[in-house]
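Shown next: model.tsv, containing TSV, C-alpha atoms and all ligand atoms.
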chain	number	residue	atom	x	y	z
A	33	MET	CA	162.44	131.63	73.01
A	34	ASP	CA	160.64	128.89	71.21
A	35	ALA	CA	159.83	127.06	74.41
A	36	SER	CA	158.34	130.18	75.98
A	37	TRP	CA	156.01	130.63	73.03
A	38	TYR	CA	154.67	127.17	73.55
A	39	VAL	CA	154.34	127.66	77.31
A	40	LEU	CA	152.35	130.77	76.59
A	41	LEU	CA	150.25	128.96	74.08
A	42	ALA	CA	149.59	126.17	76.55
A	43	LEU	CA	148.59	128.75	79.16
A	44	LEU	CA	146.24	130.41	76.74
A	45	LEU	CA	144.71	127.11	75.78
A	46	GLY	CA	144.37	126.29	79.47
A	47	PHE	CA	142.45	129.48	80.00
A	48	ALA	CA	140.39	128.82	76.94
A	49	PHE	CA	139.15	125.53	78.24
A	50	GLY	CA	139.48	126.03	81.98
A	51	ALA	CA	138.23	129.51	82.79
A	52	GLY	CA	134.59	130.40	82.85
A	53	SER	CA	133.31	132.09	79.73
A	54	VAL	CA	132.15	135.66	79.82
A	55	HIS	CA	130.77	137.96	77.22
A	56	LEU	CA	133.71	140.07	76.32
A	57	LEU	CA	132.40	143.15	74.65
A	58	GLY	CA	130.80	144.83	77.66
A	59	LEU	CA	133.30	143.52	80.15
A	60	ALA	CA	136.44	144.81	78.52
A	61	ALA	CA	134.99	148.28	78.32
A	62	GLN	CA	133.70	148.20	81.92
A	63	ARG	CA	137.03	147.28	83.42
A	64	GLY	CA	138.92	149.76	81.25
A	65	ARG	CA	141.10	147.08	79.72
A	66	GLN	CA	143.52	148.01	77.00
A	67	VAL	CA	142.66	145.23	74.60
A	68	MET	CA	140.59	146.07	71.62
A	69	ALA	CA	137.73	143.66	71.61
A	70	ILE	CA	134.73	143.34	69.41
A	71	ALA	CA	132.90	140.15	70.07
A	72	SER	CA	129.41	139.00	69.53
A	73	GLU	CA	129.93	135.70	71.27
A	74	PRO	CA	131.37	134.75	74.64
A	75	ILE	CA	135.14	134.63	74.93
A	76	PRO	CA	136.85	132.99	77.90
A	77	ASP	CA	137.90	135.71	80.34
A	78	GLY	CA	141.38	134.25	80.74
A	79	ILE	CA	142.17	134.91	77.11
A	80	VAL	CA	141.39	138.59	77.47
A	81	ALA	CA	143.63	138.92	80.50
A	82	MET	CA	146.41	137.02	78.75
A	83	VAL	CA	146.29	138.93	75.49
A	84	ASN	CA	146.31	142.13	77.48
A	85	VAL	CA	149.62	141.39	79.17
A	86	LEU	CA	151.36	139.90	76.11
A	87	GLU	CA	154.70	141.54	75.46
A	88	SER	CA	154.51	140.55	71.82
A	89	ALA	CA	151.53	141.30	69.65
A	90	GLY	CA	148.56	138.96	70.02
A	91	ILE	CA	145.39	138.81	67.99
A	92	VAL	CA	142.38	136.49	68.41
A	93	LEU	CA	140.03	135.80	65.51
A	94	ASP	CA	136.68	134.07	65.48
A	95	GLY	CA	135.50	131.30	63.18
A	96	SER	CA	134.62	133.74	60.41
A	97	ASN	CA	138.13	135.21	60.50
A	98	GLN	CA	137.03	138.43	62.15
A	99	VAL	CA	139.37	139.99	64.69
A	100	ILE	CA	137.70	139.96	68.08
A	101	LEU	CA	140.65	140.81	70.27
A	102	SER	CA	143.99	142.50	69.79
A	103	SER	CA	146.70	143.32	72.31
A	104	PRO	CA	148.25	146.79	72.70
A	105	GLY	CA	151.35	145.40	70.97
A	106	ALA	CA	149.32	144.41	67.91
A	107	ASP	CA	147.72	147.83	67.80
A	108	ALA	CA	151.13	149.49	68.05
A	109	LEU	CA	152.29	147.48	65.03
A	110	ASP	CA	149.11	148.45	63.20
A	111	LEU	CA	148.35	144.86	62.25
A	112	VAL	CA	144.57	145.13	62.32
A	113	ASP	CA	142.35	147.12	60.03
A	114	GLY	CA	138.85	147.27	61.50
A	115	ARG	CA	138.05	143.62	62.03
A	116	GLU	CA	140.45	142.29	59.40
A	117	LEU	CA	144.10	141.37	59.51
A	118	ARG	CA	145.97	143.98	57.53
A	119	MET	CA	148.52	141.55	56.05
A	120	ARG	CA	147.29	139.18	53.42
A	121	GLU	CA	149.88	136.50	54.16
A	122	MET	CA	148.72	136.48	57.77
A	123	ALA	CA	145.07	136.14	56.84
A	124	ASP	CA	145.95	133.35	54.38
A	125	ALA	CA	147.84	131.52	57.13
A	126	VAL	CA	144.82	131.77	59.43
A	127	ARG	CA	142.62	130.19	56.74
A	128	ARG	CA	145.17	127.43	56.20
A	129	VAL	CA	145.35	126.64	59.91
A	130	TRP	CA	141.53	126.43	60.12
A	131	ARG	CA	141.70	123.89	57.33
A	132	THR	CA	144.62	121.77	58.52
A	133	GLY	CA	144.34	122.25	62.28
A	134	GLU	CA	148.16	122.46	62.33
A	135	SER	CA	149.74	125.59	63.78
A	136	GLU	CA	152.18	127.52	61.58
A	137	VAL	CA	155.24	129.74	62.02
A	138	LEU	CA	156.01	132.31	59.33
A	139	ASP	CA	158.60	135.04	58.88
A	140	LEU	CA	156.86	137.96	57.26
A	141	THR	CA	158.12	141.28	55.98
A	142	TYR	CA	155.73	144.07	56.78
A	143	ARG	CA	155.93	147.54	55.37
A	144	ARG	CA	154.36	149.96	57.75
A	145	GLY	CA	152.77	153.16	56.54
A	146	ARG	CA	152.25	154.13	52.93
A	147	ILE	CA	154.11	152.21	50.25
A	148	GLY	CA	157.57	153.58	49.61
A	149	ILE	CA	157.99	155.65	52.76
A	150	GLY	CA	157.17	153.22	55.52
A	151	THR	CA	159.77	151.25	57.44
A	152	GLU	CA	160.16	147.57	56.73
A	153	MET	CA	159.66	145.23	59.67
A	154	GLN	CA	160.49	141.57	60.10
A	155	LEU	CA	157.73	139.77	61.95
A	156	ARG	CA	157.89	136.22	63.24
A	157	THR	CA	154.28	135.12	63.22
A	158	ARG	CA	152.71	132.08	64.83
A	159	VAL	CA	149.18	131.04	64.05
A	160	ALA	CA	147.54	128.42	66.25
A	161	PRO	CA	143.99	127.25	66.94
A	162	LEU	CA	142.65	128.36	70.32
A	163	GLY	CA	140.23	125.62	71.18
A	164	ASN	CA	137.93	124.96	68.23
A	165	ARG	CA	136.22	128.32	68.02
A	166	PHE	CA	139.08	130.82	67.95
A	167	MET	CA	142.38	131.36	66.22
A	168	LEU	CA	145.39	132.96	67.90
A	169	VAL	CA	148.00	134.98	66.00
A	170	LEU	CA	151.15	135.87	67.94
A	171	VAL	CA	153.59	138.28	66.32
A	172	ALA	CA	157.12	139.12	67.49
A	173	ASP	CA	158.92	142.07	65.93
A	174	ARG	CA	162.41	140.79	65.08
A	175	THR	CA	163.50	143.81	63.03
A	176	GLU	CA	166.06	145.14	65.54
A	177	GLU	CA	167.36	141.67	66.42
A	178	LEU	CA	167.97	140.86	62.73
A	179	ARG	CA	169.55	144.25	62.06
A	180	LEU	CA	172.02	143.77	64.92
A	181	ALA	CA	172.83	140.26	63.75
A	182	GLY	CA	173.56	141.74	60.28
A	183	VAL	CA	175.86	144.40	61.75
A	184	ARG	CA	177.74	141.73	63.71
A	185	ARG	CA	178.05	139.51	60.63
A	186	ASP	CA	179.41	142.38	58.51
A	187	PHE	CA	181.82	143.37	61.23
A	188	VAL	CA	183.25	139.87	61.55
A	189	ALA	CA	183.48	139.52	57.74
A	190	ASN	CA	185.28	142.89	57.53
A	191	ILE	CA	187.73	142.06	60.27
A	192	SER	CA	188.65	138.71	58.76
A	193	HIS	CA	189.21	140.35	55.39
A	194	GLU	CA	191.27	143.20	56.85
A	195	LEU	CA	193.45	140.95	58.98
A	196	LYS	CA	194.13	138.54	56.15
A	197	THR	CA	196.05	141.14	54.12
A	198	PRO	CA	198.86	141.96	56.58
A	199	ILE	CA	199.02	138.37	57.83
A	200	GLY	CA	199.36	137.09	54.26
A	201	ALA	CA	202.03	139.71	53.56
A	202	LEU	CA	204.00	138.68	56.65
A	203	ALA	CA	203.92	135.02	55.60
A	204	LEU	CA	205.13	135.88	52.08
A	205	LEU	CA	207.88	138.14	53.39
A	206	ALA	CA	209.08	135.43	55.77
A	207	GLU	CA	209.32	133.06	52.81
A	208	ALA	CA	211.16	135.69	50.77
A	209	ILE	CA	213.68	136.22	53.57
A	210	GLU	CA	214.33	132.51	53.73
A	211	ALA	CA	214.88	132.35	49.97
A	212	ALA	CA	217.20	135.39	50.02
A	213	ALA	CA	219.21	134.25	53.03
A	214	GLU	CA	222.53	134.68	51.19
A	215	ASP	CA	221.80	138.27	50.15
A	216	PRO	CA	221.97	140.67	53.13
A	217	GLU	CA	220.66	143.63	51.07
A	218	ARG	CA	217.45	141.88	50.18
A	219	VAL	CA	217.04	140.39	53.64
A	220	ARG	CA	217.24	143.92	55.05
A	221	ALA	CA	214.65	145.23	52.57
A	222	PHE	CA	212.24	142.37	53.27
A	223	SER	CA	212.57	142.69	57.02
A	224	GLN	CA	211.83	146.41	56.80
A	225	ARG	CA	208.64	145.57	54.93
A	226	MET	CA	207.85	143.02	57.63
A	227	GLN	CA	208.22	145.74	60.23
A	228	VAL	CA	205.71	147.94	58.36
A	229	GLU	CA	203.14	145.13	58.10
A	230	ALA	CA	203.63	144.10	61.73
A	231	ASP	CA	203.13	147.73	62.83
A	232	ARG	CA	199.96	147.94	60.81
A	233	LEU	CA	198.67	144.71	62.29
A	234	GLY	CA	199.49	145.97	65.77
A	235	ARG	CA	197.73	149.28	65.16
A	236	MET	CA	194.68	147.58	63.73
A	237	THR	CA	194.43	145.23	66.70
A	238	LYS	CA	194.72	148.15	69.13
A	239	GLU	CA	192.10	150.20	67.28
A	240	LEU	CA	189.71	147.26	67.10
A	241	ILE	CA	190.02	146.77	70.84
A	242	ASP	CA	189.48	150.53	71.41
A	243	LEU	CA	186.45	150.48	69.18
A	244	SER	CA	184.82	147.49	70.83
A	245	ARG	CA	185.55	148.99	74.25
A	246	ILE	CA	183.81	152.24	73.33
A	247	GLN	CA	180.86	150.31	71.96
A	248	ALA	CA	180.62	148.00	74.97
A	249	ASP	CA	181.16	150.54	77.76
A	250	ASP	CA	179.41	153.74	78.57
A	251	PRO	CA	182.16	156.36	78.95
A	252	LEU	CA	179.81	158.56	80.95
A	253	GLU	CA	179.39	155.89	83.60
A	254	GLU	CA	182.74	156.64	85.23
A	255	ALA	CA	182.95	160.15	83.88
A	256	GLU	CA	185.62	162.64	84.80
A	257	ARG	CA	185.70	166.39	84.17
A	258	PHE	CA	188.59	167.74	82.15
A	259	PRO	CA	189.46	170.98	80.32
A	260	ILE	CA	189.30	170.91	76.54
A	261	SER	CA	192.57	172.86	76.25
A	262	ARG	CA	194.41	169.93	77.86
A	263	ILE	CA	192.93	167.54	75.32
A	264	VAL	CA	194.10	169.72	72.46
A	265	ASP	CA	197.62	170.12	73.93
A	266	VAL	CA	198.08	166.37	74.34
A	267	ALA	CA	196.54	165.48	70.95
A	268	VAL	CA	198.72	168.04	69.15
A	269	ASP	CA	201.79	166.86	71.01
A	270	ARG	CA	201.20	163.23	70.04
A	271	ASN	CA	201.21	164.24	66.36
A	272	HIS	CA	204.41	166.26	66.40
A	273	VAL	CA	206.74	163.58	65.08
A	274	LEU	CA	204.37	162.77	62.22
A	275	ALA	CA	203.90	166.45	61.36
A	276	ASP	CA	207.61	167.28	61.58
A	277	ALA	CA	208.42	164.50	59.15
A	278	LYS	CA	206.23	166.29	56.58
A	279	ARG	CA	207.22	169.81	57.70
A	280	ILE	CA	203.59	170.45	58.57
A	281	ARG	CA	202.81	173.05	61.24
A	282	ILE	CA	199.94	172.26	63.59
A	283	MET	CA	198.39	175.50	64.81
A	284	PRO	CA	196.12	175.16	67.85
A	285	ARG	CA	193.86	178.11	68.67
A	286	VAL	CA	191.75	177.69	71.80
A	287	LEU	CA	189.40	180.69	71.89
A	288	ASP	CA	187.19	179.48	74.73
A	289	GLU	CA	187.98	177.24	77.64
A	290	ALA	CA	185.38	174.73	78.82
A	291	GLU	CA	185.20	171.40	80.53
A	292	VAL	CA	183.99	168.15	79.09
A	293	ILE	CA	182.39	165.36	81.11
A	294	GLY	CA	183.34	161.87	80.01
A	295	SER	CA	186.48	159.87	79.30
A	296	GLU	CA	189.57	162.05	78.88
A	297	GLU	CA	191.44	159.21	77.22
A	298	LEU	CA	188.75	158.64	74.60
A	299	VAL	CA	188.20	162.31	73.76
A	300	THR	CA	191.97	162.76	73.44
A	301	MET	CA	192.06	159.74	71.12
A	302	ALA	CA	189.31	161.25	68.95
A	303	VAL	CA	191.01	164.64	68.57
A	304	GLN	CA	194.34	162.92	68.02
A	305	ASN	CA	192.84	160.83	65.20
A	306	LEU	CA	191.42	163.92	63.48
A	307	ILE	CA	194.77	165.70	63.65
A	308	SER	CA	196.74	162.69	62.43
A	309	ASN	CA	194.37	162.30	59.47
A	310	ALA	CA	194.75	166.00	58.65
A	311	VAL	CA	198.52	165.53	58.61
A	312	GLN	CA	198.41	162.22	56.68
A	313	TYR	CA	196.15	163.53	53.93
A	314	SER	CA	197.95	166.87	53.43
A	315	PRO	CA	200.88	167.71	51.19
A	316	GLU	CA	204.23	168.59	52.76
A	317	ALA	CA	204.90	172.02	54.25
A	318	THR	CA	201.27	172.97	54.83
A	319	HIS	CA	199.34	174.01	57.95
A	320	VAL	CA	196.81	172.12	60.04
A	321	GLY	CA	194.52	174.24	62.21
A	322	VAL	CA	192.92	173.07	65.47
A	323	GLY	CA	190.34	175.63	66.58
A	324	VAL	CA	188.28	175.43	69.76
A	325	ARG	CA	185.32	177.61	70.59
A	326	VAL	CA	182.17	177.28	72.63
A	327	VAL	CA	178.82	178.14	71.08
A	328	ASP	CA	175.67	177.89	73.20
A	329	ASP	CA	177.26	175.47	75.67
A	330	VAL	CA	178.56	173.26	72.87
A	331	ILE	CA	182.31	172.86	72.49
A	332	GLU	CA	183.40	172.85	68.84
A	333	ILE	CA	186.80	171.43	68.02
A	334	ALA	CA	187.50	172.04	64.33
A	335	VAL	CA	190.46	170.38	62.65
A	336	THR	CA	191.22	171.97	59.29
A	337	ASP	CA	193.68	170.93	56.62
A	338	LYS	CA	194.63	172.03	53.12
A	339	GLY	CA	194.93	168.46	51.93
A	340	VAL	CA	193.49	166.18	49.28
A	341	GLY	CA	189.87	166.68	50.41
A	342	ILE	CA	186.97	164.24	50.17
A	343	ALA	CA	184.39	164.11	47.37
A	344	ALA	CA	180.77	164.77	48.39
A	345	GLU	CA	179.68	161.17	47.68
A	346	GLU	CA	182.36	159.76	50.00
A	347	GLN	CA	181.69	162.09	52.91
A	348	GLU	CA	179.10	159.92	54.68
A	349	ARG	CA	181.06	156.74	54.15
A	350	VAL	CA	184.40	157.79	55.64
A	351	PHE	CA	182.92	157.30	59.12
A	352	GLU	CA	182.20	153.62	58.45
A	353	ARG	CA	184.52	150.99	59.85
A	354	PHE	CA	187.35	150.01	57.47
A	355	TYR	CA	186.22	152.46	54.81
A	356	ARG	CA	189.12	154.03	52.94
A	357	ILE	CA	188.80	156.14	49.84
A	358	ASP	CA	192.09	154.94	48.42
A	359	PRO	CA	193.09	151.60	49.95
A	360	ALA	CA	196.41	151.54	48.08
A	361	ARG	CA	197.44	154.92	49.47
A	362	SER	CA	196.16	153.91	52.85
A	363	ARG	CA	198.46	150.90	52.86
A	364	VAL	CA	201.41	153.25	52.32
A	365	THR	CA	200.34	155.55	55.17
A	366	GLY	CA	199.50	152.56	57.37
A	367	GLY	CA	195.83	153.59	57.64
A	368	THR	CA	193.40	151.04	59.01
A	369	GLY	CA	190.11	152.71	58.12
A	370	LEU	CA	189.08	152.66	61.77
A	371	GLY	CA	190.20	156.13	62.90
A	372	LEU	CA	187.07	158.06	61.94
A	373	SER	CA	184.65	155.41	63.16
A	374	ILE	CA	186.38	155.68	66.56
A	375	VAL	CA	185.90	159.47	66.42
A	376	LYS	CA	182.23	159.04	65.61
A	377	HIS	CA	181.65	156.58	68.44
A	378	VAL	CA	183.45	158.78	70.95
A	379	ALA	CA	181.35	161.75	69.84
A	380	VAL	CA	178.04	159.91	70.07
A	381	SER	CA	178.84	158.24	73.38
A	382	HIS	CA	179.57	161.70	74.86
A	383	GLY	CA	176.29	163.11	73.62
A	384	GLY	CA	177.94	164.89	70.70
A	385	GLU	CA	178.54	164.52	66.98
A	386	VAL	CA	181.19	164.85	64.31
A	387	THR	CA	180.58	166.66	61.04
A	388	LEU	CA	182.61	167.17	57.93
A	389	TRP	CA	183.10	169.93	55.39
A	390	SER	CA	185.38	169.11	52.49
A	391	ARG	CA	186.25	169.94	48.90
A	392	PRO	CA	188.53	167.77	46.78
A	393	ALA	CA	191.95	169.39	46.26
A	394	GLN	CA	191.08	172.21	48.68
A	395	GLY	CA	191.00	170.53	52.06
A	396	SER	CA	188.75	169.36	54.86
A	397	THR	CA	187.40	170.49	58.21
A	398	PHE	CA	186.23	167.88	60.69
A	399	THR	CA	184.26	169.39	63.58
A	400	LEU	CA	183.79	167.46	66.79
A	401	ARG	CA	180.96	168.89	68.92
A	402	LEU	CA	180.64	167.97	72.58
A	403	PRO	CA	178.38	169.34	75.31
A	404	ALA	CA	180.23	171.74	77.64
A	405	ALA	CA	180.09	170.92	81.33
A	406	HIS	CA	179.42	174.56	82.24
A	407	ALA	CA	179.33	178.02	80.74
A	408	PRO	CA	182.51	178.99	78.89
A	409	VAL	CA	185.25	181.19	80.32
A	410	HIS	CA	186.38	183.58	77.61
A	411	LYS	CA	190.14	183.46	77.20
A	412	GLU	CA	190.99	185.89	74.46
A	413	THR	CA	189.06	187.91	71.96
A	414	ALA	CA	191.18	188.10	68.83
A	501	LIG	P1	192.54	155.64	57.84
A	501	LIG	O1	193.19	154.82	58.89
A	501	LIG	O2	192.53	155.00	56.50
A	501	LIG	O3	193.00	157.06	57.81
A	501	LIG	P2	190.04	156.75	58.83
A	501	LIG	O4	188.82	156.09	59.35
A	501	LIG	O5	190.76	157.67	59.77
A	501	LIG	O6	190.99	155.62	58.30
A	501	LIG	O7	189.65	157.54	57.53
A	501	LIG	C1	188.90	156.91	56.52
A	501	LIG	C2	189.23	157.48	55.16
A	501	LIG	O8	188.78	158.83	55.09
A	501	LIG	C3	190.72	157.57	54.90
A	501	LIG	O9	191.20	156.37	54.34
A	501	LIG	C4	190.83	158.72	53.92
A	501	LIG	O10	190.58	158.24	52.62
A	501	LIG	C5	189.69	159.63	54.33
A	501	LIG	N1	190.13	160.77	55.16
A	501	LIG	C6	190.12	160.83	56.52
A	501	LIG	N2	190.57	162.03	56.94
A	501	LIG	C7	190.86	162.74	55.84
A	501	LIG	C8	191.35	164.09	55.61
A	501	LIG	N3	191.64	164.92	56.61
A	501	LIG	N4	191.51	164.47	54.33
A	501	LIG	C9	191.21	163.64	53.29
A	501	LIG	N5	190.76	162.39	53.44
A	501	LIG	C10	190.58	161.94	54.70
Rewrite the coordinates I just gave you, this time as structure tokens.
Amino acid sequence: MDASWYVLLALLLGFAFGAGSVHLLGLAAQRGRQVMAIASEPIPDGIVAMVNVLESAGIVLDGSNQVILSSPGADALDLVDGRELRMREMADAVRRVWRTGESEVLDLTYRRGRIGIGTEMQLRTRVAPLGNRFMLVLVADRTEELRLAGVRRDFVANISHELKTPIGALALLAEAIEAAAEDPERVRAFSQRMQVEADRLGRMTKELIDLSRIQADDPLEEAERFPISRIVDVAVDRNHVLADAKRIRIMPRVLDEAEVIGSEELVTMAVQNLISNAVQYSPEATHVGVGVRVVDDVIEIAVTDKGVGIAAEEQERVFERFYRIDPARSRVTGGTGLGLSIVKHVAVSHGGEVTLWSRPAQGSTFTLRLPAAHAPVHKETA
């Protein structure tokens, strides 16, 4: 990255000194070039051509710090106001470089649009003399790159934190078993706890792998077509043991049949996660509904429970990785905090969405919406 900047710079300088000089103002307009150029003195033709093809934003200023050339990228970032640089730090750097003759690299934060509502951008800016009459400002927008690096950093920090808990518990339990070797009762109790922690660790590892697979692959690349009723049947079936243990009845109601295009395994996993949450966060002997209907070529799978519900301020956050409203309770149920973020990724990667309605102490409805492969076939009316 760095090297290429300097190669580019060298090329530009080469043009500056090597190519024949032309008067830019008329020429740029004549040839229909995209660069914005306002010059009252000759500028080497090579510079114009170069600035025009720059992928990053490039701006050339003259000796009185007036902008005489700006690339389409610079215009798109809105870095120039008339013949002035819009950012003060950038203009200051240009003045400094005129004085010292030393090129500079700066990381600037730029708020686009009106104060308070614009988006903040991170711009890596290089200012370098272009011969002895012009100054070149090259700007690379690093906003997305830095955001992704932040997401990766958080993810790694979260994983390490989440894995430490069950691993630490396993180590302590192993020690406890050793210390209680003479007491079979306690050994049994500790090894049961070990089983719980090991299961949790296993589940978390599996879910993390699922999640990174969904994020890395495009499920529509090797898409299959499958009926939504089959997804519901399998997802309900996989939750039977869990539901029976709490005497909860799962009541599927598929009003419309339709096909989905995508990964059958992933969509099943998403619906299965919603149903298992509904069961986990509901009191014993209640009902969980799984309704399917098709509205305007969109399949809606609504999973409804009469459980603990989710407060309004938590409703956005439950889709984040590792987010749990009550971590202590989650440890008892074996929750990993990954289930809903898997659902969200499956929805988005299939061109759909997942929404939530919930009231504390009343219950929740999670609705997964996916595009239907074709018009619905009406199955029953009541
Ligand atoms: P977990 O493995 O902890 O269930 P999820 O990502 O599936 O992780 O859910 C995140 C959090 O959202 C849960 O810890 C729980 O607090 C809350 N939650 C999810 N589903 C429900 C539901 N049906 N009713 C109430 N709370 C729920």
Self-check item: Distance query Gln247 of chain A at most 12 Å, only C-alpha atoms, self and fewer than 3 positions along chain excluded, as a PyMOL selection string
Solution: chain A and resi 240-244+250-251+298+373-382
Take the point (145.2, 122.2, 67.9) as written in the file and pick out every residue within 9 Å of it, counting all atoms listed in the file; give the list as a CSV table (one decimal) with C-alpha atoms, in the coordinates of the input.
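Writing the result to selection_12.csv gives the following:
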chain,number,residue,atom,x,y,z
A,133,GLY,CA,144.3,122.2,62.3
A,134,GLU,CA,148.2,122.5,62.3
A,135,SER,CA,149.7,125.6,63.8
A,160,ALA,CA,147.5,128.4,66.2
A,161,PRO,CA,144.0,127.2,66.9
A,162,LEU,CA,142.6,128.4,70.3
A,163,GLY,CA,140.2,125.6,71.2
A,164,ASN,CA,137.9,125.0,68.2
List all protein, DNA and RNA residues that have an atom no more than 7 Å from any atom of ligand LIG 501 (chain A), counting all atoms listed in the file, and report them as a compact mmCIF listing (two decimals) with C-alpha atoms, in the frame of the given file.
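Just written: out_10.txt:
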# COMPACT_ATOMS: atom_id res chain seq x y z
CA ASN A 305 192.84 160.83 65.20
CA LEU A 306 191.42 163.92 63.48
CA ASN A 309 194.37 162.30 59.47
CA ALA A 310 194.75 166.00 58.65
CA TYR A 313 196.15 163.53 53.93
CA SER A 314 197.95 166.87 53.43
CA ASP A 337 193.68 170.93 56.62
CA GLY A 339 194.93 168.46 51.93
CA VAL A 340 193.49 166.18 49.28
CA GLY A 341 189.87 166.68 50.41
CA ILE A 342 186.97 164.24 50.17
CA VAL A 350 184.40 157.79 55.64
CA PHE A 351 182.92 157.30 59.12
CA ARG A 353 184.52 150.99 59.85
CA PHE A 354 187.35 150.01 57.47
CA TYR A 355 186.22 152.46 54.81
CA ARG A 356 189.12 154.03 52.94
CA ILE A 357 188.80 156.14 49.84
CA ASP A 358 192.09 154.94 48.42
CA PRO A 359 193.09 151.60 49.95
CA SER A 362 196.16 153.91 52.85
CA GLY A 366 199.50 152.56 57.37
CA GLY A 367 195.83 153.59 57.64
CA THR A 368 193.40 151.04 59.01
CA GLY A 369 190.11 152.71 58.12
CA LEU A 370 189.08 152.66 61.77
CA GLY A 371 190.20 156.13 62.90
CA LEU A 372 187.07 158.06 61.94
CA SER A 373 184.65 155.41 63.16
CA GLY A 395 191.00 170.53 52.06
CA SER A 396 188.75 169.36 54.86
Would you mind listing, for every residue of segment 171-262 of chain A within 12 Å of segment 327-336 of chain A, the two atoms forming the shortest contact and the distance between them in Å to one decimal, using all atoms listed in the file, sorted by chain and ascending residue number, as JSON lines?
{"residue": "A:Pro259", "atom": "CA", "partner": "A:Ile331", "partner_atom": "CA", "distance": 10.8}
{"residue": "A:Ile260", "atom": "CA", "partner": "A:Ile331", "partner_atom": "CA", "distance": 8.3}
{"residue": "A:Ser261", "atom": "CA", "partner": "A:Ile333", "partner_atom": "CA", "distance": 10.2}
Exercise. Can you work out the spacing between atom CA of Arg156 of chain A and atom CA of Glu121 of chain A in Å, to one decimal?
Key: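 Computing the Euclidean distance for atom CA of Arg156 of chain A and atom CA of Glu121 of chain A yields 12.1 Å.
Closest to Val320 of chain A among A:Phe398, A:Arg349, A:Val292, A:Met301 is A:Phe398, based on only C-alpha atoms.
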Quiz prompt | Selected residue of minimal separation from Arg165 of chain A among A:Glu254, A:Asp139, A:Asp265, A:Asp94, counting all atoms listed in the file | solution =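 Residue with the minimum atom-to-atom distance to Arg165 of chain A: A:Asp94.
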Quiz item: What's the 8 Å shell around Met226 of chain A, counting only C-alpha atoms, without same-chain residues fewer than 3 positions away, as a ChimeraX atom specification?
Solution: /A:201-202,205-206,222-223,229-230
Restricted to C-alpha atoms, what would the selected residues look like written as a compact mmCIF listing (two decimals), in the coordinates of the input?
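This is the output file part21.txt:
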# COMPACT_ATOMS: atom_id res chain seq x y z
CA ALA A 201 202.03 139.71 53.56
CA LEU A 202 204.00 138.68 56.65
CA LEU A 205 207.88 138.14 53.39
CA ALA A 206 209.08 135.43 55.77
CA PHE A 222 212.24 142.37 53.27
CA SER A 223 212.57 142.69 57.02
CA GLU A 229 203.14 145.13 58.10
CA ALA A 230 203.63 144.10 61.73
Quiz item: Which is closer to Leu138 of chain A than all the others in A:Arg158, A:Lys196, A:Lys238, A:Arg184, using all atoms listed in the file?
Solution: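 Checking each candidate against Leu138 of chain A, we get A:Arg158 as the closest.
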Self-check item: Proximity to Phe166 of chain A - best of A:Val183, A:Ile79, A:Leu252, A:Ala277, only C-alpha atoms
Solution: A:Ile79
Practice problem: Provide the atom CA of Gln304 of chain A to atom CA of Ile263 of chain A distance in Å, to one decimal place. | Solution: 8.8 Å
Quiz item: What does the distance between atom CA of Thr132 of chain A and atom CA of Leu155 of chain A come to in Å, to one decimal place?
Solution: 22.5 Å
